[in-house]
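For reference, work15.cif (mmCIF, C-alpha atoms):
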data_input
loop_
_atom_site.label_atom_id
_atom_site.label_comp_id
_atom_site.auth_asym_id
_atom_site.auth_seq_id
_atom_site.Cartn_x
_atom_site.Cartn_y
_atom_site.Cartn_z
CA MET J 1 80.28 -27.00 -35.42
CA LYS J 2 79.89 -30.52 -34.10
CA THR J 3 82.53 -32.85 -35.55
CA SER J 4 81.97 -36.15 -33.74
CA TYR J 5 79.09 -38.50 -34.62
CA LYS J 6 78.20 -42.15 -34.28
CA TYR J 7 77.23 -42.53 -37.93
CA ILE J 8 78.23 -40.75 -41.13
CA VAL J 9 76.52 -41.31 -44.49
CA VAL J 10 78.49 -40.28 -47.58
CA GLY J 11 76.24 -39.53 -50.53
CA CYS J 12 72.69 -38.26 -49.98
CA GLY J 13 70.93 -39.34 -53.17
CA GLY J 14 68.24 -42.00 -53.37
CA ILE J 15 69.81 -44.67 -51.15
CA GLY J 16 71.91 -42.26 -49.06
CA SER J 17 69.00 -40.04 -48.09
CA ALA J 18 67.12 -43.19 -47.05
CA ALA J 19 70.07 -44.45 -45.02
CA LEU J 20 70.25 -41.09 -43.28
CA TYR J 21 66.54 -41.23 -42.48
CA TRP J 22 66.59 -44.77 -41.08
CA LEU J 23 69.74 -44.12 -39.05
CA SER J 24 68.31 -40.88 -37.66
CA ARG J 25 65.19 -42.72 -36.49
CA LEU J 26 67.47 -44.80 -34.29
CA HIS J 27 70.22 -42.34 -33.43
CA GLY J 28 68.88 -38.83 -33.99
CA ALA J 29 71.51 -36.10 -33.78
CA GLU J 30 74.33 -38.66 -33.76
CA THR J 31 73.86 -38.98 -37.55
CA LEU J 32 75.62 -36.89 -40.21
CA GLY J 33 75.00 -36.86 -43.95
CA LEU J 34 77.63 -35.56 -46.36
CA GLU J 35 76.75 -34.67 -49.97
CA GLN J 36 79.40 -33.35 -52.34
CA PHE J 37 76.92 -31.34 -54.44
CA GLU J 38 73.73 -29.44 -53.63
CA LEU J 39 70.87 -31.60 -52.40
CA GLY J 40 68.66 -32.75 -55.26
CA HIS J 41 71.42 -32.25 -57.84
CA PRO J 42 71.02 -33.76 -61.34
CA ARG J 43 74.49 -35.31 -61.64
CA GLY J 44 73.81 -38.78 -60.29
CA GLU J 45 71.27 -41.58 -60.59
CA SER J 46 68.16 -40.51 -58.70
CA ASP J 47 67.04 -37.09 -59.94
CA ASP J 48 63.80 -37.22 -61.92
CA HIS J 49 60.05 -37.32 -61.47
CA SER J 50 59.69 -41.08 -61.62
CA ARG J 51 61.33 -44.47 -61.22
CA ILE J 52 59.66 -47.82 -61.82
CA ILE J 53 58.65 -49.88 -58.81
CA ARG J 54 57.56 -53.48 -59.38
CA LEU J 55 57.14 -56.85 -57.78
CA SER J 56 58.06 -58.60 -61.06
CA TYR J 57 61.73 -59.51 -61.40
CA HIS J 58 63.89 -61.97 -63.28
CA SER J 59 65.38 -63.59 -60.19
CA PRO J 60 64.17 -64.80 -56.79
CA ILE J 61 66.97 -62.88 -55.10
CA TYR J 62 64.94 -59.75 -55.93
CA THR J 63 61.40 -61.08 -55.55
CA ALA J 64 62.48 -62.05 -52.02
CA LEU J 65 62.83 -58.30 -51.40
CA THR J 66 60.25 -56.57 -53.61
CA PRO J 67 57.27 -56.97 -51.21
CA SER J 68 59.38 -55.48 -48.42
CA ALA J 69 60.30 -52.55 -50.65
CA TYR J 70 56.61 -51.65 -50.94
CA GLU J 71 56.08 -52.07 -47.19
CA VAL J 72 58.97 -49.76 -46.33
CA TRP J 73 57.85 -47.08 -48.80
CA HIS J 74 54.39 -47.27 -47.28
CA SER J 75 55.78 -46.66 -43.80
CA VAL J 76 57.65 -43.57 -45.05
CA GLU J 77 54.53 -42.29 -46.78
CA LYS J 78 52.52 -42.77 -43.60
CA GLU J 79 54.99 -40.82 -41.50
CA ALA J 80 55.41 -38.04 -44.06
CA GLY J 81 51.72 -37.80 -44.93
CA THR J 82 52.81 -37.72 -48.58
CA GLN J 83 52.17 -40.21 -51.38
CA LEU J 84 55.38 -41.41 -53.01
CA VAL J 85 54.30 -44.64 -54.74
CA PHE J 86 51.66 -44.54 -57.47
CA LYS J 87 50.37 -47.89 -58.73
CA THR J 88 49.53 -48.03 -62.43
CA GLY J 89 49.89 -51.73 -63.16
CA GLY J 90 52.78 -52.93 -65.25
CA LEU J 91 53.40 -54.92 -68.42
CA ASP J 92 56.55 -56.97 -69.10
CA PHE J 93 56.80 -57.90 -72.78
CA GLY J 94 59.18 -60.53 -74.09
CA ASP J 95 59.53 -64.02 -75.46
CA GLU J 96 58.59 -67.11 -73.49
CA SER J 97 62.13 -67.88 -72.34
CA GLN J 98 62.49 -64.39 -70.88
CA LEU J 99 59.12 -64.25 -69.18
CA SER J 100 59.33 -67.77 -67.75
CA GLU J 101 62.17 -66.59 -65.52
CA PHE J 102 59.98 -63.77 -64.22
CA ALA J 103 57.10 -66.17 -63.65
CA LYS J 104 59.30 -68.62 -61.73
CA ALA J 105 60.72 -65.86 -59.53
CA MET J 106 57.28 -64.49 -58.74
CA ASP J 107 55.85 -67.96 -58.14
CA LYS J 108 58.58 -68.60 -55.59
CA ALA J 109 57.59 -65.44 -53.72
CA SER J 110 53.83 -66.08 -54.14
CA ILE J 111 53.43 -62.84 -56.10
CA PRO J 112 50.22 -62.77 -58.20
CA TYR J 113 50.38 -61.96 -61.91
CA GLU J 114 48.56 -62.59 -65.19
CA ARG J 115 49.86 -64.04 -68.46
CA LEU J 116 48.43 -62.14 -71.43
CA THR J 117 48.59 -62.57 -75.18
CA GLY J 118 49.23 -59.62 -77.44
CA GLN J 119 45.54 -59.49 -78.35
CA GLU J 120 44.52 -59.48 -74.70
CA VAL J 121 46.86 -56.55 -74.08
CA ILE J 122 45.35 -54.61 -76.99
CA LYS J 123 41.84 -55.30 -75.73
CA ARG J 124 42.70 -53.68 -72.37
CA TRP J 125 45.08 -51.03 -73.66
CA PRO J 126 44.41 -50.25 -77.33
CA GLN J 127 47.32 -47.80 -77.27
CA PHE J 128 49.60 -50.78 -78.00
CA VAL J 129 50.34 -52.42 -81.35
CA ILE J 130 51.54 -55.92 -80.43
CA PRO J 131 52.81 -58.73 -82.72
CA GLU J 132 51.08 -62.08 -82.22
CA ASP J 133 54.25 -63.81 -81.05
CA VAL J 134 54.90 -61.39 -78.17
CA SER J 135 54.05 -62.68 -74.70
CA CYS J 136 53.29 -60.52 -71.71
CA ILE J 137 53.08 -60.60 -67.93
CA TYR J 138 50.82 -58.14 -66.15
CA GLN J 139 51.38 -57.32 -62.47
CA ALA J 140 48.82 -55.01 -60.89
CA ASP J 141 51.08 -53.50 -58.19
CA THR J 142 53.67 -52.10 -60.61
CA GLY J 143 53.89 -48.33 -60.74
CA LEU J 144 56.26 -45.49 -60.10
CA VAL J 145 58.05 -43.83 -57.21
CA ASP J 146 58.33 -40.05 -57.27
CA ALA J 147 62.12 -39.96 -56.98
CA ARG J 148 62.67 -36.26 -56.31
CA LYS J 149 59.91 -36.15 -53.72
CA ALA J 150 61.14 -39.35 -52.06
CA ASN J 151 64.67 -38.02 -51.66
CA ALA J 152 63.38 -34.74 -50.23
CA VAL J 153 61.07 -36.57 -47.82
CA HIS J 154 63.90 -38.77 -46.53
CA ILE J 155 66.08 -35.71 -45.89
CA THR J 156 63.24 -33.75 -44.26
CA LEU J 157 62.36 -36.60 -41.92
CA ALA J 158 66.02 -37.22 -41.08
CA ARG J 159 66.39 -33.58 -40.06
CA LYS J 160 63.21 -33.88 -38.00
CA TYR J 161 64.95 -36.62 -36.01
CA GLY J 162 67.98 -34.39 -35.51
CA ALA J 163 70.33 -35.53 -38.26
CA LYS J 164 72.81 -33.00 -39.62
CA VAL J 165 73.09 -32.73 -43.41
CA LEU J 166 75.97 -30.91 -45.08
CA ASP J 167 75.71 -30.47 -48.82
CA ARG J 168 78.45 -29.07 -51.07
CA THR J 169 80.86 -31.02 -48.89
CA PRO J 170 83.07 -33.39 -50.92
CA VAL J 171 84.95 -36.13 -49.08
CA LEU J 172 88.70 -35.74 -49.58
CA ASP J 173 90.06 -38.60 -47.51
CA ILE J 174 88.93 -41.45 -45.24
CA ARG J 175 90.98 -43.03 -42.50
CA ILE J 176 89.64 -46.18 -40.86
CA LYS J 177 90.86 -47.09 -37.41
CA PRO J 178 89.60 -49.63 -34.85
CA GLY J 179 86.26 -48.35 -33.67
CA LYS J 180 86.59 -45.04 -35.51
CA VAL J 181 86.40 -43.53 -38.98
CA ILE J 182 87.91 -40.13 -39.78
CA VAL J 183 86.42 -38.35 -42.78
CA LYS J 184 88.26 -35.34 -44.16
CA THR J 185 86.20 -32.83 -46.15
CA GLU J 186 86.56 -29.28 -47.43
CA LYS J 187 84.68 -28.18 -44.32
CA GLY J 188 86.92 -29.96 -41.88
CA LYS J 189 87.32 -33.42 -40.35
CA PHE J 190 84.49 -35.49 -38.94
CA THR J 191 84.77 -38.65 -36.89
CA ALA J 192 82.27 -41.45 -36.39
CA GLU J 193 82.05 -45.00 -35.14
CA LYS J 194 80.44 -46.22 -38.39
CA LEU J 195 80.46 -45.10 -42.02
CA VAL J 196 77.89 -45.79 -44.75
CA VAL J 197 79.02 -45.17 -48.34
CA THR J 198 76.18 -44.67 -50.85
CA SER J 199 78.05 -42.62 -53.43
CA GLY J 200 77.02 -44.27 -56.70
CA ALA J 201 79.40 -43.38 -59.51
CA TRP J 202 81.76 -41.78 -56.97
CA THR J 203 82.05 -44.93 -54.81
CA ASN J 204 85.62 -45.76 -55.78
CA ASN J 205 86.62 -42.10 -55.46
CA VAL J 206 85.31 -42.06 -51.90
CA LEU J 207 86.99 -45.36 -51.02
CA ARG J 208 90.28 -44.62 -52.80
CA SER J 209 92.19 -43.59 -49.68
CA THR J 210 91.20 -46.89 -48.02
CA GLY J 211 92.97 -48.88 -50.76
CA ILE J 212 89.71 -50.49 -51.88
CA LYS J 213 88.66 -50.49 -55.53
CA LEU J 214 85.49 -52.23 -56.66
CA PRO J 215 84.97 -53.51 -60.24
CA LEU J 216 82.40 -50.90 -61.21
CA LYS J 217 81.50 -49.51 -64.61
CA VAL J 218 79.68 -46.20 -65.06
CA THR J 219 77.50 -45.50 -68.09
CA GLN J 220 75.58 -42.43 -69.19
CA GLU J 221 71.95 -43.32 -69.90
CA GLN J 222 68.99 -41.16 -70.87
CA VAL J 223 65.21 -40.83 -70.93
CA THR J 224 63.03 -38.75 -73.23
CA TYR J 225 59.79 -36.90 -72.45
CA TYR J 226 57.30 -36.67 -75.33
CA GLN J 227 54.57 -34.05 -75.60
CA THR J 228 52.03 -36.45 -77.03
CA PRO J 229 48.87 -34.83 -78.40
CA TYR J 230 46.99 -37.79 -76.89
CA LEU J 231 47.70 -37.01 -73.22
CA SER J 232 44.36 -38.33 -72.00
CA GLU J 233 45.18 -41.82 -73.32
CA PHE J 234 48.28 -42.01 -71.13
CA LEU J 235 47.10 -40.81 -67.75
CA PRO J 236 48.20 -43.05 -64.86
CA ASP J 237 44.72 -44.52 -64.40
CA ARG J 238 44.49 -45.39 -68.10
CA PHE J 239 47.95 -46.62 -69.06
CA PRO J 240 50.49 -48.84 -67.29
CA VAL J 241 54.20 -48.72 -66.78
CA TRP J 242 55.74 -51.05 -69.38
CA ILE J 243 59.03 -52.81 -70.12
CA TRP J 244 59.72 -54.21 -73.61
CA ARG J 245 62.43 -56.83 -73.40
CA THR J 246 64.40 -56.69 -76.64
CA ARG J 247 64.03 -59.44 -79.21
CA GLY J 248 66.52 -58.59 -81.95
CA ASP J 249 64.26 -56.15 -83.82
CA ASP J 250 66.10 -53.78 -86.12
CA PHE J 251 65.47 -50.94 -83.65
CA SER J 252 66.32 -52.81 -80.46
CA THR J 253 70.09 -53.20 -80.42
CA GLY J 254 70.99 -52.73 -76.79
CA GLY J 255 68.95 -53.05 -73.62
CA ASP J 256 65.28 -53.19 -72.80
CA PHE J 257 62.89 -50.35 -73.55
CA TYR J 258 60.66 -49.00 -70.79
CA GLY J 259 58.12 -46.25 -70.33
CA PHE J 260 55.73 -44.42 -68.03
CA PRO J 261 52.31 -42.83 -68.21
CA VAL J 262 52.04 -39.07 -67.89
CA TYR J 263 53.51 -37.97 -64.55
CA GLY J 264 55.53 -34.97 -63.42
CA GLU J 265 55.35 -33.32 -66.83
CA LYS J 266 52.53 -33.01 -69.35
CA ALA J 267 54.33 -35.67 -71.31
CA THR J 268 55.00 -39.38 -71.53
CA LYS J 269 58.44 -40.70 -70.64
CA ALA J 270 60.49 -43.56 -72.11
CA GLY J 271 64.05 -44.80 -72.37
CA GLN J 272 66.25 -47.73 -73.26
CA ASP J 273 68.27 -49.58 -70.66
CA LEU J 274 72.05 -50.09 -70.90
CA THR J 275 72.72 -48.41 -74.22
CA GLY J 276 74.80 -45.48 -72.96
CA ASN J 277 78.49 -44.79 -73.35
CA VAL J 278 80.97 -45.81 -70.68
CA VAL J 279 82.02 -42.70 -68.76
CA THR J 280 83.22 -41.69 -65.32
CA ALA J 281 81.50 -39.42 -62.85
CA ASP J 282 83.88 -36.68 -63.98
CA THR J 283 83.87 -37.25 -67.76
CA ARG J 284 80.12 -37.70 -68.27
CA THR J 285 78.28 -35.03 -70.22
CA PHE J 286 74.71 -33.85 -70.04
CA GLU J 287 74.31 -33.99 -73.81
CA PRO J 288 71.71 -36.48 -75.12
CA ASP J 289 72.76 -39.09 -77.66
CA PRO J 290 70.58 -38.57 -80.79
CA HIS J 291 71.21 -42.17 -81.92
CA GLN J 292 69.55 -43.46 -78.75
CA VAL J 293 66.62 -41.09 -79.27
CA ASN J 294 66.21 -42.36 -82.84
CA LYS J 295 66.08 -46.00 -81.69
CA LEU J 296 63.51 -45.09 -79.06
CA ASP J 297 61.42 -43.23 -81.64
CA LEU J 298 61.43 -46.25 -83.96
CA MET J 299 60.28 -48.60 -81.23
CA LEU J 300 57.52 -46.28 -80.02
CA LYS J 301 56.23 -45.48 -83.51
CA LYS J 302 55.91 -49.19 -84.19
CA HIS J 303 54.36 -50.37 -80.93
CA ILE J 304 52.81 -47.34 -79.11
CA PRO J 305 52.32 -44.76 -81.87
CA HIS J 306 50.20 -42.30 -79.86
CA PHE J 307 52.83 -42.28 -77.07
CA ILE J 308 55.14 -39.95 -78.98
CA GLY J 309 54.97 -36.31 -80.01
CA PRO J 310 57.35 -33.35 -80.00
CA ILE J 311 60.23 -33.95 -77.59
CA LEU J 312 59.93 -31.89 -74.43
CA TYR J 313 63.47 -32.82 -73.38
CA THR J 314 65.91 -35.71 -73.07
CA LYS J 315 67.55 -36.09 -69.68
CA THR J 316 70.77 -37.97 -68.91
CA CYS J 317 71.69 -39.90 -65.78
CA LEU J 318 74.35 -42.34 -64.61
CA TYR J 319 74.29 -46.08 -63.98
CA THR J 320 76.90 -47.56 -61.65
CA LEU J 321 77.15 -51.21 -62.69
CA THR J 322 78.66 -54.32 -61.12
CA PRO J 323 79.91 -57.17 -63.34
CA ASP J 324 76.77 -59.26 -62.71
CA ARG J 325 74.49 -56.23 -62.39
CA ASP J 326 73.50 -57.27 -58.90
CA PHE J 327 73.62 -54.93 -55.92
CA ILE J 328 76.41 -54.60 -53.40
CA VAL J 329 74.95 -54.51 -49.89
CA ASP J 330 77.62 -55.37 -47.37
CA THR J 331 80.21 -54.24 -44.88
CA LEU J 332 83.87 -54.21 -45.90
CA PRO J 333 85.55 -57.49 -44.89
CA GLU J 334 88.61 -55.71 -43.49
CA HIS J 335 86.57 -52.89 -41.98
CA PRO J 336 83.20 -54.05 -40.62
CA ASN J 337 82.44 -50.51 -39.44
CA VAL J 338 82.10 -49.44 -43.11
CA THR J 339 78.94 -50.34 -45.05
CA VAL J 340 78.86 -50.00 -48.85
CA ILE J 341 75.72 -49.98 -51.00
CA VAL J 342 75.84 -49.97 -54.83
CA GLY J 343 72.52 -50.13 -56.69
CA ALA J 344 73.78 -51.41 -60.08
CA GLY J 345 71.47 -49.18 -62.09
CA HIS J 346 68.13 -50.58 -60.90
CA ALA J 347 67.87 -49.85 -57.18
CA PHE J 348 65.62 -46.85 -56.74
CA LYS J 349 62.54 -49.01 -56.22
CA PHE J 350 64.45 -50.49 -53.26
CA ALA J 351 65.96 -47.18 -52.08
CA SER J 352 64.18 -46.85 -48.77
CA LEU J 353 64.53 -50.57 -48.03
CA LEU J 354 68.27 -50.43 -48.79
CA GLY J 355 68.52 -47.41 -46.53
CA LYS J 356 66.85 -49.39 -43.76
CA ILE J 357 69.12 -52.38 -44.36
CA SER J 358 72.22 -50.18 -44.31
CA SER J 359 71.10 -48.70 -40.99
CA GLU J 360 70.78 -52.21 -39.56
CA LEU J 361 74.17 -53.27 -40.87
CA ALA J 362 75.76 -50.11 -39.46
CA THR J 363 74.00 -50.40 -36.11
CA ASP J 364 73.96 -54.16 -35.50
CA GLY J 365 76.33 -55.60 -38.08
CA LYS J 366 73.52 -57.76 -39.49
CA THR J 367 70.03 -57.69 -40.98
CA ALA J 368 67.19 -60.17 -41.25
CA TYR J 369 66.61 -59.27 -44.90
CA PRO J 370 68.03 -61.81 -47.41
CA ILE J 371 71.06 -59.91 -48.73
CA GLN J 372 73.54 -62.78 -49.03
CA PRO J 373 73.54 -62.65 -52.87
CA PHE J 374 74.77 -59.06 -52.66
CA SER J 375 77.95 -59.86 -50.75
CA ILE J 376 80.99 -57.79 -51.59
CA GLN J 377 82.97 -61.04 -51.51
CA ARG J 378 80.97 -62.87 -54.18
CA ARG J 379 82.84 -64.34 -57.12
CA ALA J 380 81.65 -61.79 -59.69
CA LEU J 381 83.39 -59.04 -57.71
CA GLN J 382 86.50 -61.03 -56.82
CA ASP J 383 87.30 -62.77 -60.13
CA PRO J 384 89.30 -60.37 -62.35
CA ALA J 385 87.96 -62.13 -65.45
CA GLY J 386 84.45 -61.13 -64.43
CA THR J 387 85.09 -57.40 -64.09
CA LEU J 388 83.39 -54.95 -66.42
CA GLU J 389 85.72 -53.46 -68.96
#
As structure tokens:
Amino acid sequence: MKTSYKYIVVGCGGIGSAALYWLSRLHGAETLGLEQFELGHPRGESDDHSRIIRLSYHSPIYTALTPSAYEVWHSVEKEAGTQLVFKTGGLDFGDESQLSEFAKAMDKASIPYERLTGQEVIKRWPQFVIPEDVSCIYQADTGLVDARKANAVHITLARKYGAKVLDRTPVLDIRIKPGKVIVKTEKGKFTAEKLVVTSGAWTNNVLRSTGIKLPLKVTQEQVTYYQTPYLSEFLPDRFPVWIWRTRGDDFSTGGDFYGFPVYGEKATKAGQDLTGNVVTADTRTFEPDPHQVNKLDLMLKKHIPHFIGPILYTKTCLYTLTPDRDFIVDTLPEHPNVTVIVGAGHAFKFASLLGKISSELATDGKTAYPIQPFSIQRRALQDPAGTLE
């Protein structure tokens, strides 16, 4: 078995499979992907039918990238001959102070959107029950990415270009030397000139032998699929992706609610952001939290009553969070031949773009994309007082 490569990617989930694909386009059989579990496993952050993709964001550091995310996904779809992005339109609900930040960020990037009142939302989508004081932004390009299919497409295309992919191959140790990285696994040692780490909740485990520890927090989140008896009302051409930014309602303690039209299952899908327990990659469970389900039920019964029905299932996943909840997209200061990407719990929409960026950082040591805010040396990652406890 070949043991020497130019590039090794550790972690072949959403971002890792994309990194492998983009590197293999440039370097073919000189690219190796290592995945500790089986490909497509459910233990991480990118296994499900759908993830939201949107141009709307709270900060210009993301709206500077969102159009490129769509462009890169389109190029992958074109090569694969497979649709991965499905546009449904998207609604962001919230108060004026929340939505003004989104409007400013989109204005800066010249992204079109509409401001809607609650009554205007109901006129277009009578599935909603909206209080008069709730504001809304509608962005027509919002939709979903088929996460499972996207990961599989990235891996398939990478193999077409000659990349080697080894699953069920945990990394045991990394040694970084000038111009070379040695990766020890249960299947032997592999060497490469450059290393890309896209290991999500296992990032610090992978980097442990290098002496590097990032201030990351891992939480266990969940989504619920509902077998609504009103399926036809929630088909993708009749109902948008939505995000309900919490306003202190009695049911909304915690993060924002979000939901999808029917896709992947004969069911709607919804969840609440950042309400899960702090865990580690090893201590997480796959057991749903009934308290979270109850909060979700209350919100949906009040504002989208036909959305719910008998629960098909509740599925857990992991978030790997930075203190400021911004990405890490950078090379290690002491080891510029090692690139690290951390998605901070909201990166799948950018997965293929981040894979492309990581391939450019690994190959050229730089990228033209505006990633300066995601530096590994930024204050939020360096100041101990800013770390997530």
For stretch 164-209 of chain J against stretch 306-319 of chain J, with a cut-off of 12 Å and counting all atoms listed in the file, what is the closest atom pair and its distance in Å to one decimal for every residue that makes the cut, ordered by chain and number, as a tab-separated table?
residue	atom	partner	partner_atom	distance
J:Ser199	CA	J:Tyr319	CA	11.7
J:Gly200	CA	J:Tyr319	CA	8.0
J:Ala201	CA	J:Leu318	CA	7.3
J:Trp202	CA	J:Leu318	CA	10.7
Contacts of J:Ile212 within 10 Å, all atoms listed in the file, excl. fewer than 5 positions in-chain, as a PyMOL selection string: chain J and resi 203-207+332+334
Given the PyMOL selection byres ((chain J and resi 93) around 9), the residues it picks as a PDB file with C-alpha atoms, in the coordinates of the input:
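And here is the file that came out, expr_25.pdb:
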ATOM      1  CA  LEU J  91      53.400 -54.920 -68.420  1.00  0.00           C
ATOM      2  CA  ASP J  92      56.550 -56.970 -69.100  1.00  0.00           C
ATOM      3  CA  GLY J  94      59.180 -60.530 -74.090  1.00  0.00           C
ATOM      4  CA  ASP J  95      59.530 -64.020 -75.460  1.00  0.00           C
ATOM      5  CA  GLN J  98      62.490 -64.390 -70.880  1.00  0.00           C
ATOM      6  CA  LEU J  99      59.120 -64.250 -69.180  1.00  0.00           C
ATOM      7  CA  VAL J 134      54.900 -61.390 -78.170  1.00  0.00           C
ATOM      8  CA  SER J 135      54.050 -62.680 -74.700  1.00  0.00           C
ATOM      9  CA  CYS J 136      53.290 -60.520 -71.710  1.00  0.00           C
ATOM     10  CA  ILE J 137      53.080 -60.600 -67.930  1.00  0.00           C
ATOM     11  CA  TYR J 138      50.820 -58.140 -66.150  1.00  0.00           C
ATOM     12  CA  TRP J 242      55.740 -51.050 -69.380  1.00  0.00           C
ATOM     13  CA  ILE J 243      59.030 -52.810 -70.120  1.00  0.00           C
ATOM     14  CA  TRP J 244      59.720 -54.210 -73.610  1.00  0.00           C
ATOM     15  CA  ARG J 245      62.430 -56.830 -73.400  1.00  0.00           C
ATOM     16  CA  THR J 246      64.400 -56.690 -76.640  1.00  0.00           C
TER      17      THR J 246
END
Residues within 9 Å of (61.9, -53.6, -58.9), file coords, only C-alpha atoms, listed as a PyMOL selection string: chain J and resi 52-57+62-63+65-66+69+142+346-350
Explicit residue set for the PyMOL selection byres ((chain J and resi 13) around 10), as an MDAnalysis selection string: chainID J and resid 10:12 14:19 35 39:42 44:47 147:148 150:152 154:155 198:200 348 351
Å distance separating atom CA of J:Arg325 from atom CA of J:Ser68, one decimal place: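 Atom-to-atom, atom CA of J:Arg325 and atom CA of J:Ser68 are spaced 20.6 Å apart.
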Separation of atom CA of J:His27 from atom CA of J:Arg208, in Å and rounded to one decimal: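 Rounded to one decimal, the two atoms are 28.0 Å apart.
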